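A.B. asks: Submitted below is the structure of interest, expressed as structure tokens.
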Amino acid sequence: METKIVARKTAVGAELRAYVARRLGFALDRSGNRVQSVTVRLADQNGPRGGVDKLCSLQLALPGQPDLVVRSVAGDVRAAIDGAAHRAARALARLGRRIATRAVAAPRRDKAAREQSGIRNDLESPAALALPAGA
């Protein structure tokens with residue numbers, strides 16, 4: 001999993017980079033190889049004035065799926081990273097369940113789609129629909 005960190009109005013040192021890598025490793029370890037890359041965006045929304053304004057946004061690139069984006073705002077950069085990592089883990093688990101459910105319960109095809117694909121049901125054949133001669 002490739003991790004890219006983009007910072008705006010906040011300093012990112014080696015210690016914070018290591019913290020991001022470790023936290024994402026813990027949060028996304030259950031997803032296995034589903035995540036190709038993660039872009040971490042850190043921002044201080046209102047600069048040096050302070051307040052609950054530290055934003056962490058995670059953009060996860062998944063194969064065959066649209067990018068998954070989660071955000072968290074907190075008073076501290078590390079708390080924002082923790083919140084975003086937690087939300088990403090929950091969103092990936094929910095996506096995994098949705099994909100598994102979709103694979104098990106495939107949608108039913110209508111008659112026109114079955115005819116195009118070549119799937120036939122014996123009850124739909126003209127011989128099965130014809131009434132017996134004595135009836």
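To be explicit about the labels: the chains of the structure tokens are called A, B, and onward in the order shown, and within each one the residues are counted from 1, while ligands get numbers from 1 in the order they are shown.
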Which neighbours of range 69-86 of chain A fall inside 12 Å, counting only C-alpha atoms, when residues of the same chain fewer than 2 positions from it are skipped, and could you give them as a ChimeraX atom specification?

C.D. replies: /A:5,7,9-12,15-29,38-46,49-62,65-67,88-93

A.B. asks: Mind pulling up the distance from CA of Gly64 in chain A to CA of Ala100 in chain A?

C.D. replies: 14.3 Å

A.B. asks: When DSSP is applied to the backbone of this structure, which of range 41-89 of chain A are assigned helix (DSSP H, G or I)? Write them out as a VMD selection string.

C.D. replies: chain A and resid 47 to 49 77 to 89

A.B. asks: Nearest to Gly47 in chain A among A:Arg8, A:Arg30, A:Val35, A:Ala14, with distances taken over only C-alpha atoms: which residue is it?

C.D. replies: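 Distance minimum relative to Gly47 in chain A lands on A:Arg8.
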